[in-house]
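Novice: Please see the structure below; I have some questions.
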Amino acid sequence: MKDVVSSCPIEEVMRVLSGRWPTLLLYYLKNGTKRFSDLRRDNPTVSHRILALELRKLEEAGIVRRTAHPGYPLRVDYDLTAPGLKLVPLIDALGGWWEDTEDDRAGRISSAVETKLVAAE
């Protein structure tokens with residue numbers, strides 16, 4: 001990983017949670033344990049490799065726990081650790097904020113489109 005450029009804890013958090021998949025994985029794990037194949041089904045556009053890398057990154061950060069069960073075929077479960085569960089209200093708050101501001105975004109988008117149409121005339 002890259003070096004931290006400041007002493008701000010937000011920078012370190014964003015290094016772990018930034019990107020397309022980490023917060024989605026937390027969202028899908030918030031309701032309990034899932035297998036790798038369940039997470040693949042929840043996120044059909046993520047590749048096997050990227051999913052494995054993102055889960056490993058979250059595991060190394062202590063947010064996700066990986067449990068391998070003996071036997072054949074090997075069964076691996078993923079769930080949130082106690083620190084990972086503390087992130088759930090934050091993820092829910094982000095989703096709520098997004099839904100609450102939907103009308104504001106829609107208004108800005110339609111205004112921008114109208115401005116471009118007027119400018120093009």
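By order in the structure tokens, chains are A, B, ...; within a chain, residues start at 1; ligands start at 1, following the order shown.
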Using only C-alpha atoms, determine which residues lie at most 9 Å from stretch 88-96 of chain A, disregarding the query and same-chain residues fewer than 5 positions distant; provide the list as a PyMOL selection string.

Specialist: chain A and resi 23-24+26-27+30+101

Novice: Going by DSSP on the backbone, which bits of stretch 26-68 of chain A are alpha helix (DSSP H)? Write them as a compact mmCIF listing (two decimals) with N, CA, C and O atoms, in the first residue's frame, please.

Specialist:
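Below is the file that was written, out.txt:
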# COMPACT_ATOMS: atom_id res chain seq x y z
N LEU A 26 -19.42 -4.59 2.54
CA LEU A 26 -19.88 -4.37 3.92
C LEU A 26 -21.41 -4.34 3.96
O LEU A 26 -22.02 -4.89 4.88
N TYR A 27 -22.01 -3.69 2.98
CA TYR A 27 -23.47 -3.62 2.91
C TYR A 27 -24.08 -5.02 2.81
O TYR A 27 -25.04 -5.34 3.52
N TYR A 28 -23.50 -5.87 1.97
CA TYR A 28 -24.06 -7.22 1.81
C TYR A 28 -23.74 -8.13 2.99
O TYR A 28 -24.46 -9.09 3.23
N LEU A 29 -22.69 -7.82 3.74
CA LEU A 29 -22.35 -8.64 4.90
C LEU A 29 -23.02 -8.17 6.18
O LEU A 29 -22.96 -8.85 7.20
N PHE A 36 -18.41 -17.02 -0.29
CA PHE A 36 -17.82 -16.31 -1.42
C PHE A 36 -18.80 -16.28 -2.59
O PHE A 36 -19.01 -15.25 -3.22
N SER A 37 -19.43 -17.42 -2.86
CA SER A 37 -20.36 -17.50 -4.00
C SER A 37 -21.58 -16.59 -3.79
O SER A 37 -22.11 -16.04 -4.75
N ASP A 38 -22.02 -16.42 -2.54
CA ASP A 38 -23.14 -15.51 -2.26
C ASP A 38 -22.74 -14.07 -2.58
O ASP A 38 -23.52 -13.31 -3.17
N LEU A 39 -21.52 -13.71 -2.19
CA LEU A 39 -21.05 -12.35 -2.47
C LEU A 39 -20.86 -12.13 -3.97
O LEU A 39 -21.11 -11.05 -4.47
N ARG A 40 -20.46 -13.16 -4.68
CA ARG A 40 -20.36 -13.08 -6.14
C ARG A 40 -21.73 -12.86 -6.76
O ARG A 40 -21.90 -12.08 -7.68
N ARG A 41 -22.73 -13.56 -6.23
CA ARG A 41 -24.10 -13.42 -6.73
C ARG A 41 -24.66 -12.02 -6.42
O ARG A 41 -25.36 -11.44 -7.22
N ASP A 42 -24.33 -11.49 -5.23
CA ASP A 42 -24.78 -10.15 -4.86
C ASP A 42 -24.14 -9.07 -5.73
O ASP A 42 -24.71 -8.00 -5.93
N HIS A 48 -13.86 -12.60 -10.01
CA HIS A 48 -13.44 -13.49 -8.93
C HIS A 48 -12.17 -12.94 -8.27
O HIS A 48 -12.07 -12.89 -7.04
N ARG A 49 -11.23 -12.52 -9.08
CA ARG A 49 -9.95 -12.01 -8.59
C ARG A 49 -10.12 -10.75 -7.74
O ARG A 49 -9.58 -10.65 -6.64
N ILE A 50 -10.89 -9.79 -8.23
CA ILE A 50 -11.08 -8.53 -7.51
C ILE A 50 -11.84 -8.77 -6.21
O ILE A 50 -11.50 -8.20 -5.17
N LEU A 51 -12.85 -9.63 -6.24
CA LEU A 51 -13.59 -9.94 -5.03
C LEU A 51 -12.66 -10.54 -3.97
O LEU A 51 -12.69 -10.14 -2.81
N ALA A 52 -11.81 -11.46 -4.39
CA ALA A 52 -10.86 -12.07 -3.45
C ALA A 52 -9.90 -11.03 -2.89
O ALA A 52 -9.61 -11.01 -1.69
N LEU A 53 -9.40 -10.13 -3.75
CA LEU A 53 -8.48 -9.08 -3.30
C LEU A 53 -9.14 -8.12 -2.32
O LEU A 53 -8.56 -7.76 -1.29
N GLU A 54 -10.36 -7.73 -2.62
CA GLU A 54 -11.08 -6.78 -1.74
C GLU A 54 -11.40 -7.43 -0.40
O GLU A 54 -11.26 -6.79 0.65
N LEU A 55 -11.83 -8.68 -0.41
CA LEU A 55 -12.11 -9.38 0.84
C LEU A 55 -10.84 -9.54 1.66
O LEU A 55 -10.85 -9.36 2.89
N ARG A 56 -9.74 -9.83 1.00
CA ARG A 56 -8.46 -9.97 1.70
C ARG A 56 -8.05 -8.63 2.34
O ARG A 56 -7.58 -8.59 3.47
N LYS A 57 -8.24 -7.54 1.59
CA LYS A 57 -7.91 -6.21 2.11
C LYS A 57 -8.75 -5.89 3.35
O LYS A 57 -8.22 -5.40 4.36
N LEU A 58 -10.05 -6.19 3.29
CA LEU A 58 -10.93 -5.94 4.44
C LEU A 58 -10.58 -6.86 5.61
O LEU A 58 -10.67 -6.45 6.77
N GLU A 59 -10.15 -8.06 5.31
CA GLU A 59 -9.74 -8.99 6.36
C GLU A 59 -8.46 -8.49 7.05
O GLU A 59 -8.36 -8.49 8.28
N GLU A 60 -7.49 -8.04 6.26
CA GLU A 60 -6.25 -7.51 6.82
C GLU A 60 -6.49 -6.27 7.67
O GLU A 60 -5.76 -6.02 8.63

Novice: Let's see if you can do this: from backbone DSSP, list all strand (DSSP E) residues in chain A, as a PyMOL selection string.

Specialist: chain A and resi 34-35+64-69+75-80

Novice: Restrict the selected residues to N, CA and C atoms and save them as a PDB file, in the first residue's frame.

Specialist:
ATOM      1  N   LYS A  34     -21.843 -14.749   4.919  1.00  0.00           N
ATOM      2  CA  LYS A  34     -22.075 -15.149   3.524  1.00  0.00           C
ATOM      3  C   LYS A  34     -20.869 -15.915   3.012  1.00  0.00           C
ATOM      4  N   ARG A  35     -21.147 -16.787   2.074  1.00  0.00           N
ATOM      5  CA  ARG A  35     -20.070 -17.504   1.390  1.00  0.00           C
ATOM      6  C   ARG A  35     -19.584 -16.676   0.211  1.00  0.00           C
ATOM      7  N   VAL A  64     -13.423  -7.598   8.191  1.00  0.00           N
ATOM      8  CA  VAL A  64     -14.104  -8.831   7.769  1.00  0.00           C
ATOM      9  C   VAL A  64     -13.336 -10.025   8.326  1.00  0.00           C
ATOM     10  N   ARG A  65     -14.073 -11.044   8.742  1.00  0.00           N
ATOM     11  CA  ARG A  65     -13.479 -12.285   9.236  1.00  0.00           C
ATOM     12  C   ARG A  65     -13.723 -13.378   8.196  1.00  0.00           C
ATOM     13  N   ARG A  66     -12.669 -14.106   7.870  1.00  0.00           N
ATOM     14  CA  ARG A  66     -12.751 -15.233   6.936  1.00  0.00           C
ATOM     15  C   ARG A  66     -12.645 -16.506   7.751  1.00  0.00           C
ATOM     16  N   THR A  67     -13.616 -17.403   7.574  1.00  0.00           N
ATOM     17  CA  THR A  67     -13.612 -18.674   8.286  1.00  0.00           C
ATOM     18  C   THR A  67     -13.620 -19.798   7.260  1.00  0.00           C
ATOM     19  N   ALA A  68     -12.548 -20.578   7.248  1.00  0.00           N
ATOM     20  CA  ALA A  68     -12.453 -21.734   6.344  1.00  0.00           C
ATOM     21  C   ALA A  68     -12.848 -22.978   7.114  1.00  0.00           C
ATOM     22  N   HIS A  69     -13.804 -23.728   6.589  1.00  0.00           N
ATOM     23  CA  HIS A  69     -14.281 -24.955   7.223  1.00  0.00           C
ATOM     24  C   HIS A  69     -13.617 -26.148   6.544  1.00  0.00           C
ATOM     25  N   ARG A  75     -15.159 -24.961   2.295  1.00  0.00           N
ATOM     26  CA  ARG A  75     -16.206 -23.952   2.432  1.00  0.00           C
ATOM     27  C   ARG A  75     -15.629 -22.779   3.213  1.00  0.00           C
ATOM     28  N   VAL A  76     -15.772 -21.576   2.648  1.00  0.00           N
ATOM     29  CA  VAL A  76     -15.257 -20.372   3.285  1.00  0.00           C
ATOM     30  C   VAL A  76     -16.410 -19.405   3.499  1.00  0.00           C
ATOM     31  N   ASP A  77     -16.533 -18.927   4.733  1.00  0.00           N
ATOM     32  CA  ASP A  77     -17.558 -17.952   5.079  1.00  0.00           C
ATOM     33  C   ASP A  77     -16.897 -16.622   5.412  1.00  0.00           C
ATOM     34  N   TYR A  78     -17.640 -15.547   5.178  1.00  0.00           N
ATOM     35  CA  TYR A  78     -17.189 -14.201   5.516  1.00  0.00           C
ATOM     36  C   TYR A  78     -18.260 -13.533   6.351  1.00  0.00           C
ATOM     37  N   ASP A  79     -17.823 -12.824   7.384  1.00  0.00           N
ATOM     38  CA  ASP A  79     -18.743 -12.026   8.175  1.00  0.00           C
ATOM     39  C   ASP A  79     -17.995 -10.810   8.717  1.00  0.00           C
ATOM     40  N   LEU A  80     -18.746  -9.876   9.267  1.00  0.00           N
ATOM     41  CA  LEU A  80     -18.151  -8.661   9.807  1.00  0.00           C
ATOM     42  C   LEU A  80     -17.646  -8.917  11.223  1.00  0.00           C
TER      43      LEU A  80
END

Novice: Can you measure atom CA of A:Thr81 to atom CA of A:Asn31 for me? One decimal in Å is fine.

Specialist: 12.3 Å

Novice: Please measure the separation of atom CA of A:Pro22 and atom CA of A:Glu102, giving the value in Å to one decimal.

Specialist: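 Separation between atom CA of A:Pro22 and atom CA of A:Glu102: 22.8 Å.
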
Novice: Between atom CA of A:Trp21 and atom CA of A:Tyr72, what is the distance, to one decimal in Å?

Specialist: 28.8 Å

Novice: Identify which of the residues A:Gly32, A:Ile63, A:Val46, A:Arg108 lies closest to A:Val16, counting only C-alpha atoms when measuring atom-to-atom distances.

Specialist: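 Closest to A:Val16 of all the choices is A:Ile63.
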